[in-house]
$ cat input.txt   # compact mmCIF, C-alpha atoms
# COMPACT_ATOMS: atom_id res chain seq x y z
CA MET C 139 56.73 19.41 1.22
CA ARG C 140 55.24 17.92 -1.89
CA SER C 141 53.73 20.29 -4.32
CA THR C 142 50.08 19.77 -5.17
CA GLY C 143 50.08 22.32 -7.91
CA GLY C 144 48.42 21.60 -11.21
CA GLN C 145 45.61 19.40 -9.79
CA ARG C 146 42.24 21.02 -9.19
CA ALA C 147 39.20 19.39 -7.64
CA PRO C 148 36.29 19.05 -10.06
CA LYS C 149 33.84 21.89 -9.73
CA PRO C 150 30.35 21.08 -8.42
CA GLY C 151 27.97 20.50 -11.28
CA MET C 152 30.62 19.06 -13.59
CA TYR C 153 29.50 15.54 -12.75
CA GLY C 154 26.60 13.77 -11.08
CA ILE C 155 23.66 11.44 -11.60
CA ARG C 156 21.28 12.35 -14.37
CA THR C 157 17.91 10.74 -15.02
CA ALA C 158 16.40 10.25 -18.45
CA TRP C 159 12.62 9.93 -18.38
CA ASP C 160 10.36 8.02 -20.78
CA VAL C 161 6.59 8.55 -20.93
CA VAL C 162 4.80 5.24 -20.27
CA GLY C 163 1.26 6.49 -19.67
CA ASP C 164 -1.00 9.46 -19.12
CA GLY C 165 -4.38 10.44 -17.76
CA GLU C 166 -6.08 12.72 -15.27
CA PHE C 167 -5.35 12.86 -11.54
CA PHE C 168 -5.77 15.03 -8.47
CA CYS C 169 -2.54 17.04 -8.27
CA PRO C 170 -1.35 17.62 -4.67
CA GLY C 171 0.67 20.60 -5.86
CA CYS C 172 -2.09 22.37 -7.78
CA GLY C 173 -4.88 21.21 -5.49
CA GLY C 174 -7.18 20.19 -8.33
CA ASP C 175 -7.72 17.83 -11.25
CA ARG C 176 -4.94 17.97 -13.83
CA ASN C 177 -3.53 15.91 -16.69
CA TYR C 178 -0.48 13.83 -15.88
CA ARG C 179 2.24 11.80 -17.54
CA ARG C 180 3.58 8.64 -15.94
CA LEU C 181 7.35 8.52 -16.34
CA ALA C 182 9.86 5.66 -16.09
CA GLY C 183 13.45 6.73 -15.49
CA ARG C 184 16.97 5.50 -16.27
CA ARG C 185 19.79 6.83 -14.09
CA ARG C 186 23.29 7.46 -15.47
CA PHE C 187 26.49 8.95 -14.13
CA ALA C 188 27.26 12.04 -16.25
CA VAL C 189 30.34 14.23 -16.64
CA LEU C 190 29.92 17.70 -18.16
CA GLY C 191 26.38 16.74 -19.01
CA VAL C 192 27.40 13.67 -20.98
CA PRO C 193 25.85 10.40 -19.64
CA LEU C 194 28.53 7.73 -19.30
CA LEU C 195 27.77 4.93 -16.84
CA ARG C 196 24.44 3.28 -16.10
CA ARG C 197 23.27 3.49 -12.51
CA GLY C 198 20.05 1.49 -12.78
CA PRO C 199 16.40 2.42 -13.11
CA ALA C 200 14.79 5.27 -11.20
CA ALA C 201 11.51 4.85 -9.37
CA PRO C 202 8.56 5.74 -11.66
CA VAL C 203 6.92 9.10 -11.03
CA VAL C 204 3.84 11.05 -12.04
CA ALA C 205 4.47 14.46 -13.63
CA CYS C 206 1.76 17.12 -13.53
CA ALA C 207 1.20 18.75 -16.91
CA ALA C 208 0.38 22.08 -15.24
CA CYS C 209 2.90 22.60 -12.42
CA HIS C 210 5.47 20.06 -13.78
CA GLU C 211 6.13 18.70 -10.29
CA HIS C 212 6.99 15.02 -9.90
CA PHE C 213 5.05 12.86 -7.42
CA PRO C 214 5.16 9.21 -6.32
CA THR C 215 2.80 6.99 -8.27
CA GLU C 216 0.71 6.52 -5.11
CA VAL C 217 -0.97 9.86 -5.86
CA LEU C 218 -2.96 8.04 -8.55
CA ASP C 219 -4.78 6.16 -5.77
CA HIS C 220 -6.51 9.42 -4.81
CA PRO C 221 -9.66 9.99 -6.90
CA THR C 222 -10.11 13.11 -8.96
CA THR C 223 -12.63 15.60 -7.63
CA VAL C 224 -15.07 14.47 -10.32
CA ARG C 225 -14.65 10.82 -9.37
CA PHE C 226 -14.83 11.59 -5.65
CA SER C 227 -18.11 13.46 -6.12
CA ALA C 228 -19.53 10.49 -8.04
CA MET C 229 -18.40 8.08 -5.30
CA LEU C 230 -20.08 10.23 -2.64
CA ARG C 231 -23.34 10.45 -4.60
CA GLU C 232 -23.37 6.69 -5.08
CA ALA C 233 -22.66 6.15 -1.39
CA VAL C 234 -25.54 8.32 -0.19
CA HIS C 235 -27.89 6.76 -2.74
CA THR C 236 -26.93 3.24 -1.66
CA VAL C 237 -27.32 4.05 2.05
CA ALA C 238 -30.75 5.55 1.40
CA LEU C 239 -31.90 2.45 -0.49
CA ALA C 240 -30.52 0.13 2.19
CA VAL C 241 -32.36 1.98 4.96
CA LEU C 242 -35.61 1.98 2.97
CA ALA C 243 -35.26 -1.71 2.14
CA ALA C 244 -34.78 -2.48 5.84
CA GLY C 245 -37.49 -0.23 7.26
CA GLY C 246 -40.08 -0.06 4.52
CA THR C 247 -41.14 2.83 2.34
CA PRO C 248 -43.64 5.03 4.20
CA ARG C 249 -44.04 8.48 2.68
CA PRO C 250 -42.02 10.38 5.36
CA ALA C 251 -39.04 8.05 4.91
CA LEU C 252 -39.24 8.30 1.11
CA GLU C 253 -39.38 12.10 1.28
CA ALA C 254 -36.38 12.24 3.62
CA ALA C 255 -34.43 9.79 1.45
CA ALA C 256 -35.15 11.66 -1.78
CA ALA C 257 -34.18 15.00 -0.22
CA THR C 258 -30.92 13.51 1.10
CA VAL C 259 -30.01 11.99 -2.26
CA ARG C 260 -30.75 15.24 -4.07
CA GLU C 261 -28.55 17.15 -1.64
CA ALA C 262 -25.75 14.72 -2.50
CA GLY C 263 -25.97 15.74 -6.16
CA LEU C 264 -28.55 13.45 -7.79
CA ASN C 265 -30.90 16.31 -8.54
CA ASP C 266 -33.50 14.28 -10.44
CA CYS C 267 -34.09 11.73 -7.67
CA THR C 268 -37.76 11.39 -6.67
CA GLU C 269 -39.71 9.49 -4.03
CA ASP C 270 -41.35 7.37 -6.72
CA GLN C 271 -37.97 6.38 -8.19
CA LEU C 272 -36.69 5.25 -4.81
CA HIS C 273 -39.91 3.36 -4.10
CA THR C 274 -39.64 1.52 -7.41
CA ILE C 275 -36.00 0.58 -6.85
CA VAL C 276 -36.73 -0.76 -3.35
CA GLU C 277 -39.61 -2.81 -4.73
CA VAL C 278 -37.30 -4.32 -7.35
CA LEU C 279 -34.66 -5.08 -4.70
CA THR C 280 -37.13 -6.99 -2.55
CA ALA C 281 -39.27 -8.51 -5.33
CA ASP C 282 -37.53 -11.90 -5.29
CA LEU C 283 -37.76 -12.23 -1.51
CA GLY C 284 -41.52 -12.70 -1.38
CA PRO C 285 -44.06 -11.37 1.10
CA ASP C 286 -41.89 -12.32 4.13
CA ALA C 287 -38.91 -10.22 3.02
CA HIS C 288 -38.51 -8.72 6.49
CA ALA C 289 -38.67 -11.96 8.47
CA GLY C 290 -36.86 -15.28 8.71
CA PRO C 291 -34.38 -16.60 6.14
CA ALA C 292 -35.53 -14.07 3.52
CA ALA C 293 -34.61 -11.21 5.83
CA GLU C 294 -31.20 -12.78 6.46
CA ALA C 295 -30.60 -13.11 2.72
CA CYS C 296 -31.67 -9.52 2.15
CA GLY C 297 -29.43 -8.36 4.99
CA ALA C 298 -26.43 -10.24 3.61
CA ALA C 299 -26.95 -8.79 0.13
CA LEU C 300 -27.28 -5.26 1.53
CA ALA C 301 -24.14 -5.70 3.63
CA ILE C 302 -22.12 -6.76 0.59
CA GLU C 303 -23.41 -3.85 -1.48
CA LEU C 304 -22.73 -1.32 1.29
CA HIS C 305 -19.17 -2.53 1.81
CA GLU C 306 -18.45 -2.48 -1.94
CA VAL C 307 -19.60 1.14 -2.22
CA LEU C 308 -18.57 2.61 1.13
CA THR C 309 -15.21 0.99 1.91
CA PRO C 310 -13.34 2.57 -1.05
CA LEU C 311 -14.88 5.96 -0.21
CA ALA C 312 -14.00 5.77 3.48
CA ARG C 313 -10.27 5.87 2.69
CA HIS C 314 -10.67 9.35 1.23
CA LEU C 315 -13.10 10.84 3.78
CA ALA C 316 -12.15 12.63 6.96
CA PRO C 317 -13.78 11.27 10.14
CA ALA C 318 -16.40 14.03 10.08
CA GLY C 319 -17.30 13.13 6.49
CA ARG C 320 -17.72 9.44 7.31
CA GLU C 321 -19.89 10.30 10.30
CA SER C 322 -22.00 12.60 8.14
CA VAL C 323 -22.88 9.78 5.73
CA LEU C 324 -24.00 7.59 8.64
CA VAL C 325 -26.08 10.37 10.21
CA GLN C 326 -27.81 11.01 6.88
CA GLY C 327 -28.89 7.38 6.83
CA ALA C 328 -30.04 7.64 10.44
CA ARG C 329 -32.25 10.62 9.68
CA ILE C 330 -33.96 8.71 6.88
CA ALA C 331 -34.66 5.84 9.27
CA LEU C 332 -36.03 8.24 11.91
CA ALA C 333 -38.30 10.14 9.51
CA ASP C 334 -41.26 7.85 10.24
CA GLY C 335 -40.49 7.01 13.88
CA PRO C 336 -37.88 5.28 16.06
CA TYR C 337 -35.37 2.86 14.57
CA THR C 338 -36.58 -0.63 13.85
CA THR C 339 -34.26 -3.53 14.59
CA ALA C 340 -33.60 -3.99 10.87
CA GLU C 341 -32.77 -0.30 10.43
CA ARG C 342 -30.32 -0.38 13.32
CA GLU C 343 -28.61 -3.41 11.81
CA VAL C 344 -28.30 -1.71 8.42
CA LEU C 345 -26.98 1.49 9.97
CA SER C 346 -24.44 -0.48 11.98
CA THR C 347 -23.31 -2.10 8.74
CA VAL C 348 -23.00 1.36 7.18
CA GLY C 349 -20.86 2.50 10.08
CA ARG C 350 -18.56 -0.51 9.89
CA ALA C 351 -18.14 -0.09 6.13
CA LEU C 352 -17.16 3.53 6.78
CA ALA C 353 -14.52 2.41 9.32
CA ILE C 354 -16.36 3.97 12.26
CA CYS C 355 -15.77 2.16 15.57
CA PRO C 356 -18.79 0.51 17.29
CA GLN C 357 -18.78 3.00 20.17
CA ASP C 358 -18.98 5.94 17.78
CA ILE C 359 -21.68 4.24 15.73
CA ALA C 360 -23.82 3.87 18.85
CA ARG C 361 -23.09 7.45 19.90
CA LEU C 362 -24.03 8.90 16.51
CA LEU C 363 -27.25 6.89 16.22
CA THR C 364 -28.31 7.89 19.70
CA ALA C 365 -27.52 11.56 19.06
CA ALA C 366 -29.48 11.53 15.79
CA ALA C 367 -32.51 10.04 17.58
CA ARG C 368 -32.39 12.81 20.19
CA THR C 369 -32.05 15.62 17.65
CA PRO C 370 -35.35 17.18 16.51
CA SER C 371 -35.89 16.78 12.77

$ encode --input "input.txt" --output "structure tokens"
Amino acid sequence: MRSTGGQRAPKPGMYGIRTAWDVVGDGEFFCPGCGGDRNYRRLAGRRRFAVLGVPLLRRGPAAPVVACAACHEHFPTEVLDHPTTVRFSAMLREAVHTVALAVLAAGGTPRPALEAAAATVREAGLNDCTEDQLHTIVEVLTADLGPDAHAGPAAEACGAALAIELHEVLTPLARHLAPAGRESVLVQGARIALADGPYTTAEREVLSTVGRALAICPQDIARLLTAAARTPS
């Protein structure tokens, strides 16, 4: 038999792939590890084969990562797509405010609807919102449409503008809301519309647009609007 003496297999840890990281950016993000807003560093990596800790051969770039400054965990860069809690709160406030204005622009501004809209917006975090402020904004929105703003081509133009605005505000938010949260935003709009009586045709159209922008299926939109109309205020 041949002797194999004198040759030992390398011990684990004596060699392997090492990654050298360079900081290429920083900012604030929602850390999945910490569960809150934290500072981060965006890192770009270079992989090398190392022996005894000494890098020798290049093994190409490593996928960029995001490193939390608090817990030091590394995450894929996709985590930056998730808004911080501060940004998410601002997005939600803007969404509720926009829905309230859209419903008022479609159904008019009687006092009960204005009161319901102002209360809803304040509950969302805009504490200084008043009925008069909402009334003024709705007047400005419809000022260029003339006295027939709720009929004919003017109504169609108003509806198209509202639909664009609702999609711009609600679609980015919908990606970060659970189904119950998306439904809640729609129901809040429904309650504003119902504050002064049954839905008008224009209000139903606006609320359907809200539901679509929030990625709620048509069947669920109809179910939620019907349920809101049957629920005592």

$ residues_around --input "input.txt" --residues "region 342-346 of chain C" --least-positions-apart "6" --cutoff "12 Å" --atoms "only C-alpha atoms" --output "ChimeraX atom specification"
/C:236-245,293-294,296-305,321,323-332,336,352-364,366-367

$ closest_residue --input "input.txt" --among "C:Ala182, C:Arg176, C:Thr339, C:Val278" --to "Val162 (chain C)" --atoms "only C-alpha atoms"
C:Ala182

$ residues_around --input "input.txt" --residues "Val224 (chain C)" --least-positions-apart "2" --cutoff "12 Å" --atoms "only C-alpha atoms" --output "ChimeraX atom specification"
/C:166-168,174-176,220-222,226-231,263

$ residues_around --input "input.txt" --residues "Pro202 (chain C)" --least-positions-apart "3" --cutoff "10 Å" --atoms "all atoms listed in the file" --output "list of chain:residue names"
C:Trp159, C:Asp160, C:Val161, C:Val162, C:Arg180, C:Leu181, C:Ala182, C:Gly183, C:Arg184, C:Pro199, C:Ala205, C:His212, C:Phe213, C:Pro214, C:Thr215

$ atom_distance --input "input.txt" --atom1 "CA of Pro170 (chain C)" --atom2 "CA of Cys209 (chain C)"
10.1 Å

$ atom_distance --input "input.txt" --atom1 "CA of Thr338 (chain C)" --atom2 "CA of Leu308 (chain C)"
22.3 Å

$ residues_near_point --input "input.txt" --point "(-40.4, 1.0, -0.6)" --cutoff "12 Å" --atoms "all atoms listed in the file" --output "NGL selection string"
:C and (238-253 or 255-256 or 269-281 or 287)

$ atom_distance --input "input.txt" --atom1 "CA of Val259 (chain C)" --atom2 "CA of Ala333 (chain C)"
14.5 Å

$ residues_around --input "input.txt" --residues "Cys206 (chain C)" --least-positions-apart "4" --cutoff "6 Å" --atoms "all atoms listed in the file" --output "number ranges by chain"
C: 178, 210-211
